[in-house]
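Everything below belongs to coords.cif, which stores mmCIF, C-alpha atoms.
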data_coords
#
loop_
_atom_site.label_atom_id
_atom_site.label_comp_id
_atom_site.auth_asym_id
_atom_site.auth_seq_id
_atom_site.Cartn_x
_atom_site.Cartn_y
_atom_site.Cartn_z
CA MET S 294 -51.63 -18.55 -17.40
CA MET S 295 -48.13 -18.93 -16.00
CA GLN S 296 -45.74 -20.62 -18.35
CA LEU S 297 -42.86 -22.72 -17.13
CA SER S 298 -39.53 -22.13 -18.83
CA HIS S 299 -37.25 -25.05 -19.60
CA LYS S 300 -34.64 -23.69 -17.22
CA LYS S 301 -37.06 -23.28 -14.31
CA TRP S 302 -38.74 -26.60 -14.84
CA GLY S 303 -35.37 -28.29 -15.25
CA LYS S 304 -35.04 -28.66 -11.47
CA LEU S 305 -37.79 -31.23 -11.53
CA ALA S 306 -38.21 -32.42 -15.06
CA SER S 307 -34.58 -32.87 -15.82
CA LEU S 308 -35.74 -36.18 -14.86
CA GLY S 309 -33.28 -37.06 -17.49
CA ALA S 310 -29.83 -36.51 -16.16
CA VAL S 311 -30.86 -35.87 -12.56
CA ALA S 312 -33.72 -38.04 -11.42
CA VAL S 313 -32.28 -41.23 -12.82
CA LEU S 314 -29.08 -40.65 -10.92
CA SER S 315 -30.77 -39.77 -7.64
CA PHE S 316 -33.49 -42.38 -7.65
CA SER S 317 -32.98 -44.85 -4.82
CA VAL S 318 -35.78 -47.38 -5.17
CA LEU S 319 -34.67 -49.60 -8.00
CA ALA S 320 -33.49 -53.20 -8.07
CA ALA S 321 -31.69 -55.13 -10.77
CA CYS S 322 -32.67 -54.40 -14.35
CA GLY S 323 -31.37 -56.92 -16.81
CA ASP S 324 -34.10 -59.02 -18.25
CA LYS S 325 -34.80 -57.54 -21.67
CA ALA S 326 -37.25 -60.14 -22.79
CA ASP S 327 -39.81 -57.40 -23.31
CA ASN S 328 -37.62 -55.89 -26.00
CA ASP S 329 -37.48 -59.19 -27.83
CA THR S 330 -41.23 -59.32 -28.09
CA ALA S 331 -41.87 -55.62 -28.67
CA LYS S 332 -45.40 -54.98 -29.79
CA THR S 333 -46.22 -52.90 -32.82
CA ASP S 334 -46.78 -49.26 -31.98
CA ASP S 335 -49.60 -47.92 -34.12
CA SER S 336 -50.67 -45.24 -31.65
CA LYS S 337 -51.22 -41.59 -32.48
CA VAL S 338 -48.16 -39.52 -33.45
CA LEU S 339 -47.77 -36.65 -30.97
CA ALA S 340 -44.69 -35.02 -32.47
CA THR S 341 -42.42 -35.14 -35.48
CA TYR S 342 -38.84 -33.89 -35.58
CA ASP S 343 -35.79 -34.10 -37.82
CA GLY S 344 -35.21 -37.83 -37.96
CA GLY S 345 -38.19 -39.31 -36.19
CA THR S 346 -41.49 -39.19 -34.36
CA VAL S 347 -42.86 -39.55 -30.84
CA THR S 348 -46.01 -41.61 -30.50
CA GLU S 349 -48.62 -41.55 -27.81
CA ASP S 350 -47.54 -44.97 -26.52
CA GLN S 351 -43.90 -43.86 -26.35
CA PHE S 352 -44.83 -40.67 -24.54
CA ASN S 353 -47.06 -42.43 -22.02
CA THR S 354 -44.35 -44.96 -21.27
CA GLU S 355 -41.81 -42.23 -20.57
CA LEU S 356 -44.31 -40.33 -18.45
CA ASN S 357 -44.96 -43.48 -16.43
CA VAL S 358 -41.23 -44.03 -16.02
CA MET S 359 -40.97 -40.52 -14.63
CA LYS S 360 -43.79 -41.19 -12.18
CA PHE S 361 -41.99 -44.35 -11.09
CA LEU S 362 -38.65 -42.57 -10.67
CA GLN S 363 -40.16 -39.60 -8.86
CA PRO S 364 -43.34 -40.73 -7.08
CA THR S 365 -43.34 -37.57 -4.96
CA TYR S 366 -44.11 -35.54 -8.07
CA ALA S 367 -46.33 -38.04 -9.86
CA SER S 368 -49.51 -36.01 -9.44
CA MET S 369 -47.81 -32.93 -10.88
CA MET S 370 -47.00 -34.78 -14.07
CA ASP S 371 -50.63 -34.69 -15.18
CA SER S 372 -50.34 -30.92 -15.58
CA SER S 373 -50.41 -29.71 -19.19
CA GLU S 374 -47.26 -27.64 -18.61
CA ILE S 375 -45.29 -30.62 -17.40
CA LYS S 376 -46.61 -32.89 -20.14
CA ASN S 377 -45.58 -30.31 -22.73
CA TYR S 378 -42.12 -30.16 -21.25
CA MET S 379 -41.91 -33.94 -21.08
CA LEU S 380 -42.78 -34.15 -24.76
CA ASP S 381 -40.05 -31.63 -25.56
CA GLN S 382 -37.66 -33.65 -23.42
CA GLN S 383 -38.49 -36.85 -25.26
CA ILE S 384 -37.95 -35.18 -28.62
CA ALA S 385 -34.58 -33.89 -27.41
CA TYR S 386 -33.35 -37.23 -26.08
CA ASN S 387 -34.56 -39.11 -29.16
CA TYR S 388 -32.83 -36.62 -31.41
CA LEU S 389 -29.55 -36.56 -29.48
CA GLU S 390 -29.47 -40.35 -29.27
CA GLY S 391 -29.80 -40.38 -33.05
CA LYS S 392 -26.87 -37.98 -33.37
CA ALA S 393 -24.63 -40.02 -31.07
CA THR S 394 -21.81 -42.14 -32.46
CA ASP S 395 -21.64 -45.88 -31.88
CA GLU S 396 -18.95 -45.25 -29.26
CA GLU S 397 -21.13 -42.72 -27.45
CA LYS S 398 -24.04 -45.15 -27.49
CA LYS S 399 -21.78 -47.83 -26.07
CA LYS S 400 -20.63 -45.53 -23.28
CA GLY S 401 -24.22 -44.50 -22.65
CA ALA S 402 -25.25 -48.12 -22.21
CA GLU S 403 -22.30 -48.73 -19.89
CA MET S 404 -23.20 -45.72 -17.75
CA ALA S 405 -26.81 -46.88 -17.57
CA THR S 406 -25.67 -50.32 -16.44
CA GLU S 407 -23.40 -48.73 -13.85
CA GLN S 408 -26.28 -46.66 -12.51
CA ILE S 409 -28.49 -49.71 -12.33
CA ASN S 410 -25.82 -51.75 -10.55
CA GLN S 411 -25.42 -48.98 -7.96
CA LEU S 412 -29.13 -49.12 -7.24
CA LYS S 413 -29.48 -52.88 -6.94
CA GLY S 414 -30.81 -54.38 -3.78
CA GLN S 415 -32.73 -51.32 -2.58
CA VAL S 416 -36.03 -53.17 -2.62
CA ASP S 417 -36.94 -56.81 -2.91
CA GLN S 418 -38.07 -58.12 -6.27
CA GLU S 419 -41.70 -58.56 -5.25
CA GLN S 420 -41.95 -54.94 -4.14
CA LEU S 421 -40.22 -53.76 -7.29
CA ASP S 422 -42.57 -55.76 -9.49
CA THR S 423 -45.55 -54.21 -7.73
CA MET S 424 -44.19 -50.70 -8.18
CA LEU S 425 -43.52 -51.28 -11.85
CA LYS S 426 -46.95 -52.78 -12.39
CA ASP S 427 -48.57 -49.82 -10.66
CA GLN S 428 -47.10 -47.53 -13.31
CA ASN S 429 -47.70 -49.96 -16.17
CA ILE S 430 -44.01 -50.22 -17.10
CA THR S 431 -41.37 -52.94 -17.22
CA GLU S 432 -37.75 -53.20 -16.19
CA ALA S 433 -36.89 -53.05 -19.88
CA ASP S 434 -38.66 -49.68 -20.12
CA LEU S 435 -36.43 -48.36 -17.33
CA THR S 436 -33.29 -49.72 -18.93
CA THR S 437 -34.20 -48.24 -22.31
CA TYR S 438 -34.86 -44.84 -20.82
CA MET S 439 -31.71 -44.74 -18.72
CA THR S 440 -29.60 -45.81 -21.69
CA GLN S 441 -31.10 -43.07 -23.83
CA VAL S 442 -30.47 -40.43 -21.18
CA MET S 443 -26.88 -41.51 -20.58
CA THR S 444 -26.24 -41.57 -24.33
CA ALA S 445 -27.49 -37.99 -24.63
CA VAL S 446 -25.31 -36.97 -21.68
CA GLN S 447 -22.28 -38.62 -23.27
CA TYR S 448 -23.00 -36.92 -26.60
CA MET S 449 -23.14 -33.51 -24.92
CA SER S 450 -20.02 -34.26 -22.86
CA ASP S 451 -18.10 -34.96 -26.03
CA GLN S 452 -19.03 -31.48 -27.30
CA VAL S 453 -17.18 -29.92 -24.36
CA LYS S 454 -13.60 -28.95 -25.26
CA ASP S 455 -10.66 -29.30 -22.89
CA GLU S 456 -10.08 -25.55 -22.94
CA ASP S 457 -13.71 -25.04 -21.88
CA VAL S 458 -13.13 -27.32 -18.89
CA GLN S 459 -10.06 -25.33 -17.84
CA LYS S 460 -11.87 -22.02 -18.30
CA GLU S 461 -14.85 -23.14 -16.21
CA TYR S 462 -12.58 -24.48 -13.48
CA ASP S 463 -10.51 -21.30 -13.31
CA ALA S 464 -13.64 -19.12 -13.15
CA ASN S 465 -15.41 -21.19 -10.46
CA LYS S 466 -12.63 -23.01 -8.65
CA ASP S 467 -14.27 -22.84 -5.24
CA ALA S 468 -17.27 -24.75 -6.59
CA TYR S 469 -15.05 -27.76 -7.31
CA ILE S 470 -12.85 -27.86 -4.18
CA THR S 471 -13.60 -30.84 -1.98
CA ALA S 472 -12.42 -31.55 1.54
CA LYS S 473 -12.77 -34.05 4.35
CA ILE S 474 -13.56 -32.11 7.51
CA SER S 475 -13.74 -32.77 11.22
CA HIS S 476 -15.14 -30.12 13.55
CA ILE S 477 -16.35 -29.47 17.06
CA LEU S 478 -19.41 -27.24 17.20
CA ILE S 479 -20.03 -25.13 20.26
CA GLY S 480 -23.54 -24.08 19.40
CA LEU S 481 -25.71 -21.22 20.52
CA THR S 482 -27.95 -24.00 21.81
CA ASP S 483 -26.43 -26.91 23.71
CA LYS S 484 -27.26 -30.60 23.39
CA ASP S 485 -30.08 -30.27 25.92
CA GLY S 486 -31.69 -27.40 24.06
CA LYS S 487 -30.50 -24.74 26.49
CA GLU S 488 -29.54 -21.47 24.83
CA ARG S 489 -26.09 -19.90 25.18
CA THR S 490 -25.09 -16.32 24.61
CA ASP S 491 -22.51 -15.62 21.92
CA ALA S 492 -19.98 -14.77 24.63
CA GLN S 493 -20.61 -18.05 26.45
CA ALA S 494 -20.20 -20.08 23.25
CA LYS S 495 -17.00 -18.25 22.33
CA LYS S 496 -15.54 -18.76 25.83
CA LEU S 497 -16.24 -22.51 25.74
CA ALA S 498 -14.86 -22.82 22.20
CA ASP S 499 -11.62 -21.12 23.27
CA GLU S 500 -11.37 -23.52 26.22
CA VAL S 501 -11.79 -26.55 23.95
CA LYS S 502 -9.21 -25.13 21.51
CA ALA S 503 -6.76 -24.70 24.40
CA LYS S 504 -7.23 -28.37 25.33
CA LEU S 505 -6.48 -29.36 21.75
CA ASP S 506 -3.38 -27.16 21.71
CA LYS S 507 -2.14 -29.07 24.75
CA GLY S 508 -2.44 -32.33 22.80
CA GLU S 509 -5.80 -33.70 23.92
CA ASP S 510 -7.52 -36.03 21.46
CA PHE S 511 -9.74 -34.30 18.89
CA ALA S 512 -12.21 -37.17 18.54
CA LYS S 513 -12.60 -37.51 22.29
CA LEU S 514 -13.29 -33.82 22.75
CA ALA S 515 -15.71 -33.83 19.82
CA LYS S 516 -17.76 -36.56 21.50
CA GLU S 517 -17.72 -34.63 24.76
CA TYR S 518 -18.38 -31.11 23.56
CA SER S 519 -19.78 -30.99 20.02
CA ASP S 520 -23.43 -29.93 19.87
CA ASP S 521 -24.22 -31.67 16.59
CA GLY S 522 -24.47 -35.28 15.47
CA SER S 523 -20.92 -35.45 14.14
CA GLY S 524 -19.64 -35.63 17.71
CA ALA S 525 -20.57 -39.30 17.87
CA ASN S 526 -18.25 -39.82 14.90
CA GLY S 527 -15.36 -37.99 16.52
CA GLY S 528 -16.28 -34.77 14.71
CA LEU S 529 -15.94 -36.24 11.22
CA LEU S 530 -18.62 -34.83 8.94
CA ALA S 531 -18.31 -37.45 6.19
CA GLU S 532 -16.13 -40.43 5.38
CA GLU S 533 -15.24 -38.99 1.97
CA GLU S 534 -14.34 -35.52 0.73
CA ALA S 535 -17.35 -33.32 0.02
CA PRO S 536 -17.70 -30.06 -1.96
CA VAL S 537 -16.89 -27.15 0.34
CA ASN S 538 -19.18 -24.96 -1.72
CA GLY S 539 -22.11 -26.46 0.17
CA TYR S 540 -21.00 -24.97 3.50
CA VAL S 541 -22.00 -21.57 4.86
CA GLU S 542 -19.49 -18.91 3.84
CA GLU S 543 -17.34 -18.73 6.99
CA PHE S 544 -17.09 -22.51 7.28
CA LYS S 545 -16.37 -22.81 3.56
CA GLN S 546 -13.57 -20.25 3.69
CA ALA S 547 -11.91 -21.98 6.63
CA SER S 548 -12.14 -25.28 4.78
CA ILE S 549 -10.26 -23.68 1.89
CA ASP S 550 -7.73 -21.59 3.82
CA GLN S 551 -6.67 -23.80 6.73
CA LYS S 552 -3.65 -25.99 6.26
CA VAL S 553 -4.42 -29.68 6.03
CA GLY S 554 -3.99 -31.41 9.39
CA GLU S 555 -3.88 -28.23 11.47
CA ILE S 556 -6.56 -27.17 13.95
CA GLY S 557 -7.73 -23.62 13.36
CA ASP S 558 -9.02 -21.00 15.76
CA PRO S 559 -12.78 -21.11 16.40
CA VAL S 560 -14.78 -19.95 13.38
CA LYS S 561 -18.05 -18.14 14.01
CA THR S 562 -21.12 -18.93 11.89
CA GLN S 563 -24.83 -18.47 12.47
CA PHE S 564 -24.80 -21.82 14.29
CA GLY S 565 -22.11 -21.01 16.83
CA TYR S 566 -18.35 -21.57 16.92
CA HIS S 567 -16.61 -24.33 14.97
CA ILE S 568 -13.18 -25.72 15.74
CA ILE S 569 -12.16 -27.14 12.37
CA ARG S 570 -9.56 -29.64 11.26
CA VAL S 571 -9.16 -30.23 7.52
CA GLU S 572 -8.30 -33.89 7.15
CA SER S 573 -7.69 -33.75 3.39
CA ARG S 574 -8.47 -31.42 0.50
CA THR S 575 -8.48 -31.55 -3.30
CA ASP S 576 -8.06 -28.13 -4.89
CA THR S 577 -6.45 -28.98 -8.20
CA LEU S 578 -7.87 -29.99 -11.57
CA THR S 579 -7.54 -33.76 -11.22
CA ASP S 580 -9.00 -36.17 -13.76
CA LYS S 581 -11.94 -36.75 -11.42
CA VAL S 582 -12.58 -33.02 -11.16
CA LYS S 583 -12.26 -32.67 -14.93
CA ASP S 584 -15.03 -35.23 -15.35
CA GLU S 585 -17.21 -33.31 -12.89
CA VAL S 586 -16.60 -30.00 -14.68
CA ARG S 587 -17.29 -31.64 -18.03
CA ARG S 588 -20.61 -33.01 -16.75
CA THR S 589 -21.54 -29.56 -15.46
CA LEU S 590 -20.83 -28.00 -18.85
CA ALA S 591 -22.63 -30.83 -20.63
CA SER S 592 -25.70 -30.14 -18.51
CA THR S 593 -25.51 -26.48 -19.46
CA LYS S 594 -25.26 -27.43 -23.13
CA LEU S 595 -28.31 -29.67 -22.77
CA ASN S 596 -30.30 -26.81 -21.23
CA GLU S 597 -29.18 -24.50 -24.03
CA PHE S 598 -30.24 -27.07 -26.60
CA MET S 599 -33.68 -27.28 -25.03
CA GLU S 600 -33.97 -23.49 -24.92
CA LYS S 601 -32.49 -22.52 -28.27
CA GLU S 602 -32.36 -25.42 -30.71
CA LEU S 603 -35.26 -27.73 -29.96
CA GLU S 604 -37.82 -25.57 -31.72
CA GLY S 605 -35.73 -25.61 -34.88
CA ILE S 606 -35.66 -29.41 -35.15
CA THR S 607 -39.31 -29.89 -34.17
CA LYS S 608 -41.60 -30.11 -37.20
CA SER S 609 -44.93 -30.62 -35.45
CA LYS S 610 -46.05 -31.12 -31.89
CA GLU S 611 -49.35 -31.58 -30.09
CA GLU S 612 -49.92 -29.16 -27.24
CA PHE S 613 -51.48 -30.49 -24.05
CA LYS S 614 -54.06 -28.22 -22.44
CA ASP S 615 -55.68 -28.40 -19.03
CA GLU S 616 -59.44 -28.68 -18.95
CA GLN S 617 -61.18 -25.38 -18.30
CA PRO S 618 -63.03 -25.17 -14.96
CA ALA S 619 -66.79 -25.58 -15.23
CA ALA S 620 -68.94 -22.44 -15.01
CA THR S 621 -71.16 -21.91 -11.96
CA GLU S 622 -74.89 -21.44 -12.24
CA GLU S 623 -74.36 -17.68 -11.99
CA GLY S 624 -72.21 -17.87 -15.08
CA THR S 625 -68.89 -17.24 -13.38
CA ASP S 626 -65.98 -19.60 -13.42
CA SER S 627 -65.51 -21.76 -10.38
CA ALA S 628 -62.33 -21.46 -8.38
CA PRO S 629 -59.46 -23.36 -9.97
CA ALA S 630 -58.63 -26.68 -8.37
CA THR S 631 -55.37 -27.31 -6.63
CA GLY S 632 -52.71 -28.17 -9.18
CA THR S 633 -53.36 -25.48 -11.80
CA ASP S 634 -50.45 -24.11 -13.77
CA GLY S 635 -49.57 -21.47 -11.20
CA ALA S 636 -49.67 -23.92 -8.31
CA VAL S 637 -47.61 -26.45 -10.25
CA THR S 638 -45.04 -23.82 -11.04
CA GLU S 639 -44.48 -23.01 -7.41
CA GLY S 640 -44.78 -26.58 -6.21
CA ALA S 641 -42.43 -27.96 -8.81
CA ASP S 642 -39.81 -25.36 -8.14
CA GLN S 643 -40.02 -25.75 -4.39
CA GLY S 644 -40.26 -29.51 -4.51
CA ALA S 645 -37.14 -29.87 -6.60
CA ALA S 646 -35.19 -27.59 -4.32
CA THR S 647 -36.23 -29.67 -1.32
CA GLU S 648 -35.22 -32.91 -2.94
CA GLN S 649 -31.84 -31.69 -4.03
CA GLY S 650 -31.18 -30.05 -0.65
CA THR S 651 -29.42 -31.58 2.25
CA SER S 652 -31.07 -33.24 5.22
CA THR S 653 -31.55 -30.95 8.17
CA ASP S 654 -31.19 -33.44 10.98
CA LYS S 655 -28.37 -33.48 13.53
CA SER S 656 -26.16 -35.83 11.54
CA GLY S 657 -23.45 -33.28 10.98
CA GLU S 658 -23.99 -33.32 7.23
CA ALA S 659 -26.55 -30.58 6.89
CA GLY S 660 -26.50 -26.84 7.00
CA THR S 661 -26.19 -25.99 3.33
CA SER S 662 -28.71 -23.20 3.68
CA THR S 663 -29.33 -20.51 6.24
CA GLU S 664 -32.52 -22.24 7.31
CA THR S 665 -30.83 -25.24 8.86
CA ASN S 666 -30.23 -25.47 12.58
CA THR S 667 -27.46 -28.01 12.71
CA ASP S 668 -23.69 -27.91 12.43
CA GLY S 669 -23.36 -24.77 10.37
CA LYS S 670 -22.21 -26.24 7.14
#

The structure in this file should be written as structure tokens.
Amino acid sequence: MMQLSHKKWGKLASLGAVAVLSFSVLAACGDKADNDTAKTDDSKVLATYDGGTVTEDQFNTELNVMKFLQPTYASMMDSSEIKNYMLDQQIAYNYLEGKATDEEKKKGAEMATEQINQLKGQVDQEQLDTMLKDQNITEADLTTYMTQVMTAVQYMSDQVKDEDVQKEYDANKDAYITAKISHILIGLTDKDGKERTDAQAKKLADEVKAKLDKGEDFAKLAKEYSDDGSGANGGLLAEEEAPVNGYVEEFKQASIDQKVGEIGDPVKTQFGYHIIRVESRTDTLTDKVKDEVRRTLASTKLNEFMEKELEGITKSKEEFKDEQPAATEEGTDSAPATGTDGAVTEGADQGAATEQGTSTDKSGEAGTSTETNTDGK
């Protein structure tokens, strides 16, 4: 049976620090009346750890919260592997919340509120109530979970030293550079779907660059010539700076090397030729970047805790097991149903990568992998 490591499963089941932040179907959470009338939990204890226990009711509530936050993966969460990871995750968050200081808990609650406020208004209240009811959870359950996750994140962030932040930044500086980019893409396929040769694309790109050198308007030429969706926006890929590390290598390097405000020579990528103008760029360790680096290191620390320390603080834990397939009349096992451990492993890994990837439409914001067919980023 294939076993899922914490690191591999983290793409999907880090439904702690990741899914909560990326979830986009959540309205206002503020009514905590359910907490005021909390019912007694006398359900079965599934796990014990240094400082507490996890009951069956608590586990099922968190599992239902996960299904609500990530409905795409809801069916996967009935797998024994995922349930076992989710139980480990709940032990970890319970334990880390218990280790947090009052100040860290306060910050955790504030971050949870901030997340909730950012997600308000995505659905109407009636729809939200139906979705919550379908998973047998309340708004208070969501608030409690998000607060616990943010508290654990804050606790881990506070374990990161300033010198660690500087060391990580120096070692992986390109990963933290952000830039606001405009470009004109002369693609190997034009707007009408007609293919161009490399020589034809290069010739046209040089002609457009010559027009720009003579002072013609960049936005106007982008609308006229660019073969991706950014042309409608005057070539601007995004209103705010974005990490250049998400672009294909040639585009990324130009985004780093070109002087701000200058128009570079056409840059060739697998998508064609890009005429790039860097509108702005942040390549220093600002306070904002420090926070980003600290969160990255905190996430690493959380993964390391799950991998190396969780077993040491866990006293007892029930293991979930999938039901064995029924034997056929001939005495041989029937073929495993879709959704066995091996299938879940592949599906979970691929599903998470898809979700965290970038859209591959012609918006001018895609192209973070070699499989995209858009603007080459």

Which neighbours of Leu497 (chain S) fall inside 12 Å, counting all atoms listed in the file, when residues of the same chain fewer than 3 positions from it are skipped, and could you give them as a tab-separated table (two decimals) with C-alpha atoms, in the frame of the given file?
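Generated file (selection_38.tsv):
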chain	number	residue	atom	x	y	z
S	477	ILE	CA	-16.35	-29.47	17.06
S	478	LEU	CA	-19.41	-27.24	17.20
S	479	ILE	CA	-20.03	-25.13	20.26
S	480	GLY	CA	-23.54	-24.08	19.40
S	481	LEU	CA	-25.71	-21.22	20.52
S	483	ASP	CA	-26.43	-26.91	23.71
S	489	ARG	CA	-26.09	-19.90	25.18
S	490	THR	CA	-25.09	-16.32	24.61
S	491	ASP	CA	-22.51	-15.62	21.92
S	492	ALA	CA	-19.98	-14.77	24.63
S	493	GLN	CA	-20.61	-18.05	26.45
S	494	ALA	CA	-20.20	-20.08	23.25
S	500	GLU	CA	-11.37	-23.52	26.22
S	501	VAL	CA	-11.79	-26.55	23.95
S	502	LYS	CA	-9.21	-25.13	21.51
S	503	ALA	CA	-6.76	-24.70	24.40
S	504	LYS	CA	-7.23	-28.37	25.33
S	518	TYR	CA	-18.38	-31.11	23.56
S	519	SER	CA	-19.78	-30.99	20.02
S	520	ASP	CA	-23.43	-29.93	19.87
S	559	PRO	CA	-12.78	-21.11	16.40
S	565	GLY	CA	-22.11	-21.01	16.83
S	566	TYR	CA	-18.35	-21.57	16.92
S	567	HIS	CA	-16.61	-24.33	14.97
S	568	ILE	CA	-13.18	-25.72	15.74

Got a sec: who's within 9 Å of Ile549 (chain S), counting all atoms listed in the file, leaving out chain neighbours fewer than 2 positions off, as a CSV table (one decimal) with C-alpha atoms, keeping the file's coordinate frame?
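part-v5.csv written:
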chain,number,residue,atom,x,y,z
S,467,ASP,CA,-14.3,-22.8,-5.2
S,470,ILE,CA,-12.8,-27.9,-4.2
S,471,THR,CA,-13.6,-30.8,-2.0
S,472,ALA,CA,-12.4,-31.6,1.5
S,537,VAL,CA,-16.9,-27.2,0.3
S,544,PHE,CA,-17.1,-22.5,7.3
S,545,LYS,CA,-16.4,-22.8,3.6
S,546,GLN,CA,-13.6,-20.2,3.7
S,547,ALA,CA,-11.9,-22.0,6.6
S,551,GLN,CA,-6.7,-23.8,6.7
S,552,LYS,CA,-3.6,-26.0,6.3
S,571,VAL,CA,-9.2,-30.2,7.5
S,574,ARG,CA,-8.5,-31.4,0.5
S,576,ASP,CA,-8.1,-28.1,-4.9

Practice problem: Quick one: pull the distance between CA of Glu611 (chain S) and CA of Ser373 (chain S), Å, one decimal. | Solution: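 Distance between the two atoms: 11.1 Å.
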
Worksheet item: Given the file above and the PyMOL selection byres ((chain S and resi 587) around 9), which residues are selected, and can you give them as number ranges by chain?
Response: S: 450-451, 453-455, 457-458, 582-586, 588-592

(request) Using the chain letters and numbers from the file, give me the residues hit by the PyMOL selection byres ((chain S and resi 405) around 8), as a ChimeraX atom specification. (result) /S:401-404,406-409,436,439-440,443

Saved selection, atoms kept: C-alpha atoms, as a short mmCIF file (atom, residue, chain, number, x, y, z; two decimals), keeping the file's coordinate frame:
data_model
loop_
_atom_site.label_atom_id
_atom_site.label_comp_id
_atom_site.auth_asym_id
_atom_site.auth_seq_id
_atom_site.Cartn_x
_atom_site.Cartn_y
_atom_site.Cartn_z
CA GLY S 401 -24.22 -44.50 -22.65
CA ALA S 402 -25.25 -48.12 -22.21
CA GLU S 403 -22.30 -48.73 -19.89
CA MET S 404 -23.20 -45.72 -17.75
CA THR S 406 -25.67 -50.32 -16.44
CA GLU S 407 -23.40 -48.73 -13.85
CA GLN S 408 -26.28 -46.66 -12.51
CA ILE S 409 -28.49 -49.71 -12.33
CA THR S 436 -33.29 -49.72 -18.93
CA MET S 439 -31.71 -44.74 -18.72
CA THR S 440 -29.60 -45.81 -21.69
CA MET S 443 -26.88 -41.51 -20.58
#

Nearest to Ala515 (chain S), restricted to all atoms listed in the file and choosing among S:Thr346, S:Tyr462, S:Gly527, S:Gly605, comes out as S:Gly527
